[in-house]
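Below is coords.txt, holding compact mmCIF, C-alpha atoms.
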```txt
# COMPACT_ATOMS: atom_id res chain seq x y z
CA MET A 1 15.13 127.68 -29.80
CA PHE A 2 12.94 125.25 -27.90
CA ASP A 3 14.10 121.66 -28.40
CA VAL A 4 11.26 119.23 -27.66
CA ARG A 5 13.78 116.88 -26.01
CA ASP A 6 14.23 119.46 -23.26
CA TYR A 7 10.56 118.94 -22.40
CA GLY A 8 10.75 115.17 -22.19
CA ALA A 9 10.20 114.13 -25.82
CA ILE A 10 11.87 110.89 -26.91
CA GLY A 11 12.48 110.27 -30.62
CA ASP A 12 12.27 106.49 -30.63
CA GLY A 13 9.11 106.25 -32.76
CA LYS A 14 7.29 104.48 -29.92
CA THR A 15 6.97 106.90 -27.00
CA MET A 16 3.94 109.18 -27.11
CA ASN A 17 5.18 112.79 -27.08
CA THR A 18 2.01 114.87 -27.44
CA GLY A 19 2.34 116.52 -24.02
CA ALA A 20 6.04 117.28 -24.44
CA VAL A 21 5.67 118.82 -27.89
CA GLN A 22 2.65 120.87 -26.81
CA LYS A 23 4.51 122.12 -23.75
CA ALA A 24 7.43 123.23 -25.91
CA ILE A 25 5.02 125.16 -28.18
CA ASP A 26 3.28 126.78 -25.21
CA GLU A 27 6.56 127.78 -23.53
CA CYS A 28 7.86 129.19 -26.78
CA ALA A 29 4.75 131.35 -27.15
CA LYS A 30 4.99 132.55 -23.54
CA ALA A 31 8.58 133.62 -24.17
CA GLY A 32 7.44 135.81 -27.08
CA GLY A 33 7.99 133.31 -29.88
CA GLY A 34 10.72 131.39 -31.63
CA LYS A 35 11.37 127.90 -33.00
CA VAL A 36 10.19 124.62 -31.56
CA VAL A 37 12.75 122.15 -32.87
CA ILE A 38 12.21 118.49 -33.74
CA THR A 39 15.48 116.79 -34.59
CA GLU A 40 17.36 113.49 -34.47
CA GLY A 41 14.61 110.91 -34.31
CA LYS A 42 10.97 109.99 -34.87
CA TYR A 43 8.63 111.69 -32.44
CA LEU A 44 5.28 109.95 -32.09
CA CYS A 45 2.57 112.48 -31.38
CA GLY A 46 -1.18 113.10 -31.29
CA SER A 47 -3.01 116.33 -32.02
CA ILE A 48 -1.11 119.55 -31.19
CA SER A 49 -2.09 123.22 -31.38
CA MET A 50 0.08 126.03 -32.69
CA ARG A 51 0.43 129.40 -30.97
CA SER A 52 1.14 132.87 -32.35
CA ASN A 53 4.76 133.71 -33.20
CA VAL A 54 5.84 130.06 -33.14
CA GLU A 55 7.57 128.07 -35.89
CA LEU A 56 7.42 124.29 -35.72
CA TYR A 57 10.85 123.49 -37.16
CA ILE A 58 11.45 119.88 -38.23
CA ALA A 59 15.13 119.44 -38.96
CA ALA A 60 16.35 117.17 -41.75
CA SER A 61 17.08 114.46 -39.18
CA GLY A 62 13.66 114.80 -37.55
CA VAL A 63 10.30 113.13 -38.16
CA LEU A 64 7.00 114.18 -36.60
CA LEU A 65 5.11 110.88 -36.60
CA ALA A 66 1.34 110.84 -36.22
CA SER A 67 -0.20 108.43 -33.75
CA SER A 68 -1.88 105.34 -35.16
CA ARG A 69 -4.78 105.68 -32.70
CA CYS A 70 -7.85 107.67 -33.67
CA GLU A 71 -8.46 108.68 -30.05
CA ASP A 72 -5.25 110.73 -30.10
CA PHE A 73 -6.96 113.17 -32.50
CA PRO A 74 -10.04 114.24 -30.53
CA GLU A 75 -12.66 116.69 -31.70
CA LYS A 76 -11.88 120.18 -30.44
CA THR A 77 -14.44 122.01 -28.35
CA GLY A 78 -15.08 125.70 -27.78
CA LEU A 79 -13.75 126.90 -31.12
CA LYS A 80 -14.22 130.62 -31.70
CA HIS A 81 -13.74 130.92 -35.43
CA VAL A 82 -15.80 128.13 -36.96
CA GLN A 83 -19.01 126.23 -36.39
CA SER A 84 -17.67 122.69 -36.30
CA ASN A 85 -20.92 120.94 -37.20
CA MET A 86 -20.90 122.80 -40.53
CA LEU A 87 -17.36 121.83 -41.50
CA PRO A 88 -16.84 119.24 -44.25
CA ARG A 89 -17.40 115.81 -42.69
CA TRP A 90 -18.92 117.65 -39.70
CA ARG A 91 -15.59 117.40 -37.85
CA ASN A 92 -12.58 119.47 -36.82
CA ALA A 93 -10.17 116.69 -35.76
CA CYS A 94 -6.64 117.08 -37.14
CA PHE A 95 -2.95 116.50 -36.42
CA ILE A 96 -1.67 120.12 -36.35
CA PHE A 97 -4.20 122.83 -35.51
CA ALA A 98 -4.21 126.63 -35.30
CA GLU A 99 -7.07 129.03 -34.66
CA GLU A 100 -6.78 132.81 -34.92
CA CYS A 101 -3.00 132.71 -34.66
CA GLU A 102 -0.56 135.18 -36.23
CA ASN A 103 2.98 134.71 -37.50
CA ILE A 104 3.06 130.92 -37.43
CA ALA A 105 5.17 128.57 -39.51
CA ILE A 106 6.06 124.97 -40.24
CA GLY A 107 9.56 124.67 -41.64
CA GLY A 108 12.73 122.65 -41.93
CA GLN A 109 13.76 119.88 -44.30
CA GLY A 110 12.33 117.14 -42.13
CA THR A 111 9.23 114.99 -42.51
CA ILE A 112 5.67 114.86 -41.25
CA ASP A 113 4.76 111.17 -41.39
CA CYS A 114 0.99 110.84 -41.09
CA ASN A 115 1.05 107.08 -40.41
CA GLY A 116 -1.69 106.68 -43.00
CA ASP A 117 -1.25 102.96 -43.55
CA LYS A 118 -2.68 102.44 -40.05
CA PHE A 119 -5.96 104.11 -41.01
CA VAL A 120 -6.90 102.14 -44.12
CA VAL A 121 -7.64 98.54 -45.06
CA TYR A 122 -6.87 96.78 -48.33
CA ARG A 123 -9.82 96.19 -50.69
CA GLY A 124 -8.02 93.96 -53.14
CA GLU A 125 -5.99 94.19 -56.31
CA ASP A 126 -8.72 93.46 -58.86
CA VAL A 127 -10.92 96.49 -58.27
CA ILE A 128 -11.63 99.70 -60.10
CA GLY A 129 -11.12 102.65 -57.82
CA TRP A 130 -9.32 102.89 -54.53
CA ARG A 131 -7.43 99.79 -53.53
CA TYR A 132 -7.82 100.86 -49.91
CA GLU A 133 -10.72 102.24 -47.87
CA ARG A 134 -11.01 103.95 -44.52
CA ILE A 135 -11.24 101.91 -41.37
CA ASP A 136 -14.53 102.15 -39.51
CA ALA A 137 -13.15 104.34 -36.73
CA PRO A 138 -13.42 108.14 -37.21
CA THR A 139 -10.07 108.74 -38.89
CA PRO A 140 -8.71 112.32 -38.83
CA PRO A 141 -10.30 114.25 -41.71
CA ARG A 142 -7.31 116.61 -41.95
CA VAL A 143 -3.61 116.68 -41.18
CA VAL A 144 -2.94 120.43 -40.88
CA PHE A 145 -5.95 122.67 -40.20
CA PHE A 146 -5.43 126.43 -39.83
CA THR A 147 -8.49 128.67 -39.45
CA GLY A 148 -8.70 132.44 -38.98
CA CYS A 149 -4.90 132.81 -39.05
CA LYS A 150 -2.69 135.56 -40.47
CA ASN A 151 0.88 135.47 -41.75
CA VAL A 152 1.41 131.74 -42.24
CA LYS A 153 4.51 130.16 -43.78
CA ILE A 154 5.03 126.50 -44.66
CA THR A 155 8.40 125.86 -46.25
CA ASP A 156 10.71 122.98 -47.19
CA VAL A 157 8.91 120.31 -45.18
CA THR A 158 7.85 116.97 -46.66
CA MET A 159 4.54 115.31 -45.76
CA ILE A 160 4.13 111.60 -46.43
CA ASN A 161 1.79 108.67 -45.83
CA GLN A 162 -1.37 110.75 -45.44
CA PRO A 163 -4.45 108.93 -44.14
CA ALA A 164 -7.86 109.42 -45.75
CA GLY A 165 -7.76 113.15 -45.03
CA TRP A 166 -6.62 116.48 -46.48
CA SER A 167 -2.95 117.33 -46.15
CA TYR A 168 -3.30 121.09 -45.58
CA TRP A 169 -6.56 122.96 -45.04
CA ILE A 170 -6.25 126.75 -44.99
CA HIS A 171 -9.64 128.08 -43.90
CA ASP A 172 -10.37 131.83 -43.81
CA CYS A 173 -6.72 132.85 -43.48
CA ASP A 174 -4.76 135.85 -44.77
CA TYR A 175 -1.22 136.05 -46.14
CA VAL A 176 -0.27 132.41 -46.51
CA HIS A 177 2.91 131.18 -48.21
CA PHE A 178 3.77 127.63 -49.25
CA ASP A 179 7.24 127.25 -50.75
CA ARG A 180 9.44 124.27 -51.63
CA ILE A 181 7.20 121.70 -49.97
CA ASN A 182 6.61 118.07 -50.93
CA ILE A 183 3.34 116.21 -50.50
CA GLU A 184 3.79 112.50 -51.17
CA ALA A 185 0.44 110.82 -50.53
CA SER A 186 -0.47 107.37 -51.76
CA VAL A 187 -2.65 107.42 -54.88
CA ASP A 188 -4.42 104.32 -53.52
CA TYR A 189 -5.75 105.96 -50.34
CA PRO A 190 -9.08 107.83 -50.55
CA ASN A 191 -9.58 111.59 -50.14
CA ASN A 192 -6.02 112.59 -49.29
CA ASP A 193 -6.15 116.03 -50.93
CA GLY A 194 -3.05 118.18 -51.21
CA ILE A 195 -3.47 121.90 -50.39
CA HIS A 196 -7.04 123.03 -49.80
CA ILE A 197 -7.46 126.83 -49.84
CA ASN A 198 -10.90 127.89 -48.64
CA SER A 199 -12.28 131.42 -48.22
CA SER A 200 -8.75 132.80 -47.86
CA ARG A 201 -6.86 135.73 -49.32
CA ASN A 202 -3.32 136.48 -50.47
CA VAL A 203 -2.15 132.88 -50.75
CA ASN A 204 1.00 131.85 -52.63
CA ILE A 205 2.00 128.28 -53.51
CA SER A 206 5.36 127.93 -55.26
CA ASN A 207 8.15 125.51 -56.15
CA SER A 208 6.36 122.48 -54.77
CA ASN A 209 5.65 118.85 -55.67
CA ILE A 210 2.27 117.30 -54.90
CA THR A 211 1.18 113.70 -55.49
CA CYS A 212 -2.10 112.45 -54.04
CA ARG A 213 -5.20 110.38 -54.74
CA ASP A 214 -7.60 113.29 -54.49
CA ASP A 215 -7.26 116.85 -55.80
CA CYS A 216 -3.80 118.40 -55.59
CA ILE A 217 -4.71 122.08 -55.22
CA ILE A 218 -8.22 123.21 -54.33
CA VAL A 219 -9.53 126.78 -54.27
CA ARG A 220 -12.98 127.21 -52.73
CA ALA A 221 -15.25 129.68 -50.95
CA ASN A 222 -17.42 127.46 -48.77
CA ASN A 223 -18.54 129.77 -45.98
CA ALA A 224 -21.08 127.47 -44.34
CA SER A 225 -19.01 127.14 -41.14
CA LEU A 226 -18.22 130.87 -40.83
CA PRO A 227 -20.35 133.58 -39.21
CA GLU A 228 -20.10 135.73 -42.34
CA ASN A 229 -19.37 135.14 -46.01
CA LYS A 230 -15.77 135.63 -47.12
CA VAL A 231 -14.29 135.99 -50.59
CA CYS A 232 -11.51 133.67 -51.74
CA GLU A 233 -9.13 135.78 -53.81
CA LYS A 234 -5.55 136.54 -54.75
CA VAL A 235 -4.38 132.94 -54.87
CA CYS A 236 -1.21 132.47 -56.93
CA VAL A 237 0.22 129.05 -57.80
CA THR A 238 3.49 128.79 -59.74
CA ASN A 239 6.35 126.40 -60.50
CA CYS A 240 4.66 123.23 -59.24
CA ASN A 241 4.54 119.56 -60.29
CA LEU A 242 1.19 117.83 -59.78
CA THR A 243 -0.02 114.23 -59.99
CA SER A 244 -3.53 113.29 -58.88
CA TYR A 245 -5.95 110.46 -59.42
CA SER A 246 -8.61 113.17 -59.30
CA ALA A 247 -8.01 116.81 -60.36
CA GLY A 248 -4.72 118.61 -60.59
CA ILE A 249 -6.40 121.95 -59.89
CA ARG A 250 -9.97 122.16 -58.63
CA ILE A 251 -11.89 125.43 -58.42
CA GLY A 252 -15.13 125.70 -56.46
CA TRP A 253 -17.92 123.29 -55.55
CA VAL A 254 -21.66 123.44 -55.02
CA ASN A 255 -22.88 126.80 -53.68
CA ASP A 256 -19.47 128.22 -52.95
CA GLY A 257 -19.41 131.99 -52.88
CA VAL A 258 -16.99 134.32 -54.67
CA ILE A 259 -13.65 133.10 -56.05
CA ARG A 260 -11.78 135.73 -58.01
CA ASN A 261 -8.46 137.17 -59.15
CA CYS A 262 -6.30 134.02 -59.06
CA ALA A 263 -3.34 132.99 -61.22
CA PHE A 264 -1.85 129.57 -62.05
CA SER A 265 1.38 129.37 -64.05
CA ASN A 266 4.40 127.21 -64.88
CA ILE A 267 2.76 123.97 -63.83
CA VAL A 268 3.36 120.40 -64.98
CA MET A 269 0.59 117.81 -64.47
CA THR A 270 1.19 114.15 -65.29
CA ASP A 271 -0.83 110.94 -64.91
CA THR A 272 -3.85 112.86 -63.66
CA THR A 273 -7.58 112.28 -64.16
CA VAL A 274 -8.86 115.84 -64.76
CA GLY A 275 -6.39 118.65 -65.28
CA ILE A 276 -8.37 121.76 -64.31
CA SER A 277 -11.81 121.17 -62.80
CA LEU A 278 -14.52 123.75 -62.15
CA MET A 279 -17.57 121.63 -61.46
CA LEU A 280 -20.80 122.57 -59.71
CA PRO A 281 -22.52 119.19 -59.97
CA ASN A 282 -25.97 117.94 -59.10
CA LEU A 283 -25.48 115.91 -55.97
CA SER A 284 -26.99 112.43 -55.84
CA ARG A 285 -27.18 112.49 -52.05
CA PRO A 286 -27.19 115.33 -49.49
CA LEU A 287 -23.72 116.47 -48.47
CA VAL A 288 -24.81 119.44 -46.45
CA ALA A 289 -21.53 119.85 -44.58
CA ASP A 290 -19.55 120.21 -47.80
CA VAL A 291 -21.98 122.52 -49.60
CA GLY A 292 -21.97 126.28 -49.26
CA ARG A 293 -24.86 128.71 -48.87
CA GLU A 294 -24.31 131.23 -51.69
CA ALA A 295 -24.61 131.56 -55.41
CA THR A 296 -21.24 130.75 -56.96
CA LEU A 297 -19.29 133.43 -58.78
CA VAL A 298 -15.90 132.57 -60.29
CA GLU A 299 -14.18 135.34 -62.22
CA ASN A 300 -10.83 136.67 -63.39
CA LEU A 301 -8.68 133.54 -63.34
CA THR A 302 -5.61 132.95 -65.51
CA PHE A 303 -3.92 129.66 -66.41
CA ASP A 304 -0.63 130.09 -68.26
CA ASN A 305 2.27 127.91 -69.39
CA ILE A 306 0.88 124.59 -68.21
CA ILE A 307 1.86 121.13 -69.47
CA MET A 308 -0.65 118.31 -69.00
CA HIS A 309 0.56 114.85 -69.97
CA LYS A 310 -1.44 111.61 -69.73
CA ILE A 311 -4.68 113.20 -68.57
CA CYS A 312 -7.19 110.37 -68.19
CA SER A 313 -10.31 112.47 -68.79
CA ASN A 314 -10.98 116.09 -69.74
CA SER A 315 -7.97 118.34 -69.47
CA ILE A 316 -10.35 121.17 -68.60
CA LYS A 317 -13.81 120.48 -67.21
CA ILE A 318 -16.25 123.29 -66.45
CA GLU A 319 -19.79 122.21 -65.66
CA VAL A 320 -22.81 123.85 -64.03
CA GLY A 321 -25.37 121.38 -62.69
CA SER A 322 -28.88 121.60 -64.09
CA SER A 323 -30.61 121.49 -60.71
CA SER A 324 -32.06 124.70 -59.29
CA CYS A 325 -30.37 123.71 -56.02
CA VAL A 326 -27.05 124.59 -57.65
CA LEU A 327 -26.99 128.34 -56.98
CA PHE A 328 -25.14 130.21 -59.69
CA GLU A 329 -24.17 133.82 -60.31
CA GLY A 330 -21.48 133.40 -62.94
CA ILE A 331 -18.33 131.82 -64.35
CA ARG A 332 -16.60 134.45 -66.43
CA ASN A 333 -13.31 135.89 -67.54
CA LEU A 334 -11.20 132.74 -67.51
CA TYR A 335 -8.04 132.96 -69.60
CA PHE A 336 -6.10 129.89 -70.76
CA SER A 337 -2.80 130.45 -72.57
CA ASN A 338 0.18 128.31 -73.55
CA LEU A 339 -1.46 125.04 -72.55
CA HIS A 340 0.10 121.90 -74.02
CA VAL A 341 -2.08 118.88 -73.40
CA SER A 342 -2.18 115.18 -74.23
CA GLY A 343 -5.01 113.10 -72.85
CA ALA A 344 -8.13 111.04 -73.43
CA GLU A 345 -10.71 113.82 -73.82
CA PHE A 346 -10.95 117.36 -75.13
CA PRO A 347 -11.92 120.20 -72.76
CA MET A 348 -15.61 120.32 -71.81
CA LEU A 349 -17.43 123.57 -71.10
CA LEU A 350 -21.06 123.20 -70.05
CA GLY A 351 -23.34 125.86 -68.62
CA ARG A 352 -27.10 125.65 -68.35
CA LYS A 353 -30.11 127.66 -69.40
CA ASN A 354 -29.91 131.11 -67.80
CA ALA A 355 -26.52 130.18 -66.35
CA LYS A 356 -24.10 130.70 -69.18
CA LEU A 357 -20.33 130.74 -69.14
CA LYS A 358 -18.94 134.06 -70.32
CA ASN A 359 -15.64 135.15 -71.80
CA ILE A 360 -13.71 131.90 -71.65
CA CYS A 361 -10.58 132.58 -73.72
CA PHE A 362 -7.95 130.24 -75.16
CA ASN A 363 -4.71 131.49 -76.68
CA ASP A 364 -1.86 129.42 -78.10
CA CYS A 365 -3.12 126.11 -76.70
CA ASP A 366 -2.83 122.65 -78.22
CA PHE A 367 -4.80 119.54 -77.27
CA GLU A 368 -3.88 116.04 -78.43
CA ILE A 369 -6.21 113.08 -77.96
CA THR A 370 -4.30 109.91 -77.14
CA ASP A 371 -5.20 106.24 -76.75
CA GLY A 372 -6.69 105.59 -73.32
CA LYS A 373 -4.77 102.31 -73.08
CA GLU A 374 -1.50 104.16 -72.62
CA PHE A 375 -2.39 105.36 -69.13
CA PRO A 376 -0.59 103.45 -66.37
CA ASN A 377 -2.71 102.25 -63.48
CA ARG A 378 -5.78 103.54 -65.33
CA ARG A 379 -8.22 101.21 -63.58
CA ARG A 380 -7.61 102.97 -60.28
CA TYR A 381 -8.97 106.26 -61.56
CA PHE A 382 -12.61 105.33 -61.57
CA TYR A 383 -14.28 105.08 -58.21
CA GLU A 384 -18.07 105.39 -58.17
CA ASN A 385 -17.79 108.18 -60.73
CA HIS A 386 -20.25 108.11 -63.59
CA TYR A 387 -18.37 110.81 -65.47
CA PHE A 388 -15.80 108.21 -66.46
CA GLY A 389 -18.13 105.35 -67.37
CA LYS A 390 -17.79 106.16 -71.05
CA LEU A 391 -14.02 106.13 -70.85
CA LEU A 392 -14.09 102.83 -68.97
CA GLN A 393 -15.91 101.26 -71.88
CA LYS A 394 -13.54 102.80 -74.38
CA ILE A 395 -10.41 101.39 -72.74
CA GLY A 396 -12.03 98.01 -72.10
CA ALA A 397 -11.83 98.00 -68.31
CA LYS A 398 -13.74 95.28 -66.53
CA PRO A 399 -16.79 96.23 -64.47
CA SER A 400 -16.10 97.21 -60.89
CA LYS A 401 -17.22 95.15 -57.93
CA CYS A 402 -19.02 98.32 -56.84
CA ASP A 403 -22.76 98.13 -57.58
CA TYR A 404 -22.84 101.80 -58.52
CA CYS A 405 -20.12 101.39 -61.16
CA ARG A 406 -21.72 98.21 -62.51
CA GLN A 407 -24.97 100.06 -62.99
CA LYS A 408 -23.25 102.84 -64.91
CA LEU A 409 -21.36 100.44 -67.12
CA ARG A 410 -24.58 98.58 -68.00
CA GLY A 411 -25.94 101.69 -69.61
CA GLY A 412 -26.57 104.20 -66.86
CA ARG A 413 -26.33 107.86 -67.76
CA THR A 414 -22.81 108.99 -68.58
CA ARG A 415 -21.51 112.24 -69.90
```
Written as structure tokens, how would this file's structure read?
Amino acid sequence: MFDVRDYGAIGDGKTMNTGAVQKAIDECAKAGGGKVVITEGKYLCGSISMRSNVELYIAASGVLLASSRCEDFPEKTGLKHVQSNMLPRWRNACFIFAEECENIAIGGQGTIDCNGDKFVVYRGEDVIGWRYERIDAPTPPRVVFFTGCKNVKITDVTMINQPAGWSYWIHDCDYVHFDRINIEASVDYPNNDGIHINSSRNVNISNSNITCRDDCIIVRANNASLPENKVCEKVCVTNCNLTSYSAGIRIGWVNDGVIRNCAFSNIVMTDTTVGISLMLPNLSRPLVADVGREATLVENLTFDNIIMHKICSNSIKIEVGSSSCVLFEGIRNLYFSNLHVSGAEFPMLLGRKNAKLKNICFNDCDFEITDGKEFPNRRRYFYENHYFGKLLQKIGAKPSKCDYCRQKLRGGRTR
């Protein structure tokens, strides 16, 4: 047991403890491993790096509080596992980092407070879309970023107040377990995804609650930042509650590689925009750092015993962009069973010429279309997103102050 207080940390919520916490982690690793304990107080901290055989244990009385200063989350140099300039947003900055570590964990019933309200500014009440936007400074794009790691466990901990960044990003890792965690992100802050699984294998997410503005659970195979292409496979998600002002479950993106052999079961989604999303869209502007380099193949996925209630758009949305820039090998062998859905739109399945969807099966599913006016906070769902222009008109929402949304509502192309 390595108590951070023994290394000079002070849990008053004001003293910067980055050096003390990092020293405790380093000493723990040198001793062969163990627990680095955060307890009895709020410990203000900047970016820290995990080491092999170390568990960061946040006790119920402890809070790991992120710094409110962007400069306390610097870009990391000399990384071995990834090419940073090809990462999404071209950056690797984060709060808790690990590269090529084994047997690492974050545990305890305490809290990771990301101090997100210090990284956003208020846009106003009478807007469609996010009520807040990022500050101009380069806010951390991720909270937890693990890359090239093996045997990872994240249990019991609660993460709150995320800034405009992903909560957990698991990038090219093996044997990862999330269990009994809570992610409580504001639905008004942009891009605060829940758990983002990318190019990883043997990942389990269970017994967890996730609320966020952006996608709750993402499964991708974007290998642009890796020296070789990796398959994302054997991802199992079960017994989870999801709320998102984007997608509850999102599979893939433009030019991801192979995603296969994944299972999603016993899930409840409420007050969510899209339930299950598998979209390979035509991009209106270049987003090179978030686009892969392969033809996408998604196969052998099951979705069973899922309740979706108050889904603002399509409960299931599968779409292959028409552009030849959207590289496509196949979407096939997707099995949906025991789905019970109420929402504004029926499922949508859309391939393209010479890029057909194959063997998409539904068994014992029911879909109920409900009045769009019943959705609480519905005006916040639609941020610069032409897919929902039609629904905006149907529920009588006023045009956004955003020029892009105004153009769509005046008769721009919607689908």
> Excluding same-chain residues fewer than 2 positions from A:Pro140, what lies within 12 Å of it counting only C-alpha atoms, as number ranges by chain?
Replying inline: A: 46-47, 66-76, 88-97, 114-116, 118-120, 134-138, 142-145, 162-167, 191-192
With 3 Å added on each side, what axis-aligned box encloses every listed atom of stretch 5-15 of chain A? Give the centre and edge lengths in Å to one decimal, as JSON.
```
{"center_x": 10.6, "center_y": 112.0, "center_z": -27.5, "size_x": 13.3, "size_y": 21.0, "size_z": 16.6}
```
>> So, with all atoms listed in the file as the atoms that count, which of A:Thr147, A:Ser313, A:Thr139, A:Asn85 lies closest to A:Ser49?
In response: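 Nearest to A:Ser49: A:Thr147.
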> Any idea what the distance is between atom CA of A:Gln109 and atom CA of A:Gly248?
Replying inline: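 Those two atoms sit 24.7 Å apart.
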> Which neighbours of A:Gln83 fall inside 9 Å, counting all atoms listed in the file, when residues of the same chain fewer than 4 positions from it are skipped, and could you give them as a PyMOL selection string?
Replying inline: chain A and resi 79+87+224-227
>> Which residues are close to stretch 13-26 of chain A, i.e. within 10 Å by only C-alpha atoms, leaving aside same-chain residues fewer than 2 positions away? Reply as a VMD selection string.
In response: chain A and resid 1 to 11 28 to 31 33 to 38 41 to 56 63 to 67 72
Let me see the file: selected residues, C-alpha atoms, as a compact mmCIF listing (two decimals), keeping the file's coordinate frame.
```txt
# COMPACT_ATOMS: atom_id res chain seq x y z
CA MET A 1 15.13 127.68 -29.80
CA PHE A 2 12.94 125.25 -27.90
CA ASP A 3 14.10 121.66 -28.40
CA VAL A 4 11.26 119.23 -27.66
CA ARG A 5 13.78 116.88 -26.01
CA ASP A 6 14.23 119.46 -23.26
CA TYR A 7 10.56 118.94 -22.40
CA GLY A 8 10.75 115.17 -22.19
CA ALA A 9 10.20 114.13 -25.82
CA ILE A 10 11.87 110.89 -26.91
CA GLY A 11 12.48 110.27 -30.62
CA CYS A 28 7.86 129.19 -26.78
CA ALA A 29 4.75 131.35 -27.15
CA LYS A 30 4.99 132.55 -23.54
CA ALA A 31 8.58 133.62 -24.17
CA GLY A 33 7.99 133.31 -29.88
CA GLY A 34 10.72 131.39 -31.63
CA LYS A 35 11.37 127.90 -33.00
CA VAL A 36 10.19 124.62 -31.56
CA VAL A 37 12.75 122.15 -32.87
CA ILE A 38 12.21 118.49 -33.74
CA GLY A 41 14.61 110.91 -34.31
CA LYS A 42 10.97 109.99 -34.87
CA TYR A 43 8.63 111.69 -32.44
CA LEU A 44 5.28 109.95 -32.09
CA CYS A 45 2.57 112.48 -31.38
CA GLY A 46 -1.18 113.10 -31.29
CA SER A 47 -3.01 116.33 -32.02
CA ILE A 48 -1.11 119.55 -31.19
CA SER A 49 -2.09 123.22 -31.38
CA MET A 50 0.08 126.03 -32.69
CA ARG A 51 0.43 129.40 -30.97
CA SER A 52 1.14 132.87 -32.35
CA ASN A 53 4.76 133.71 -33.20
CA VAL A 54 5.84 130.06 -33.14
CA GLU A 55 7.57 128.07 -35.89
CA LEU A 56 7.42 124.29 -35.72
CA VAL A 63 10.30 113.13 -38.16
CA LEU A 64 7.00 114.18 -36.60
CA LEU A 65 5.11 110.88 -36.60
CA ALA A 66 1.34 110.84 -36.22
CA SER A 67 -0.20 108.43 -33.75
CA ASP A 72 -5.25 110.73 -30.10
```
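For the atom pair formed by atom CA of A:Ile183 and atom CA of A:Lys317, the distance is 24.3 Å, given to one decimal.
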> Of the residues A:Phe367, A:His309, A:Pro190, A:Ser277, which is the one nearest to A:Arg123, using all atoms listed in the file?
Replying inline: A:Pro190
>> Which residue is closest to A:Ala355? Choose from A:Thr273, A:Ser323, A:Ser199, A:Thr111 and count all atoms listed in the file.
In response: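 With all atoms listed in the file as the atom set, the closest residue is A:Ser323.
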> Between A:Ser342, A:Thr158, A:Asn305, A:Ser84, which is the closest to A:Ala185 once you count all atoms listed in the file?
Replying inline: A:Thr158
> Do you have the atom CA of A:Leu349-atom CA of A:Phe328 distance handy?
Replying inline: 15.3 Å
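You can rank A:Ile318, A:Cys312, A:Ile306, A:Ile369 by their closest distance to A:Asn266 using all atoms listed in the file, and at the top of that list sits A:Ile306.
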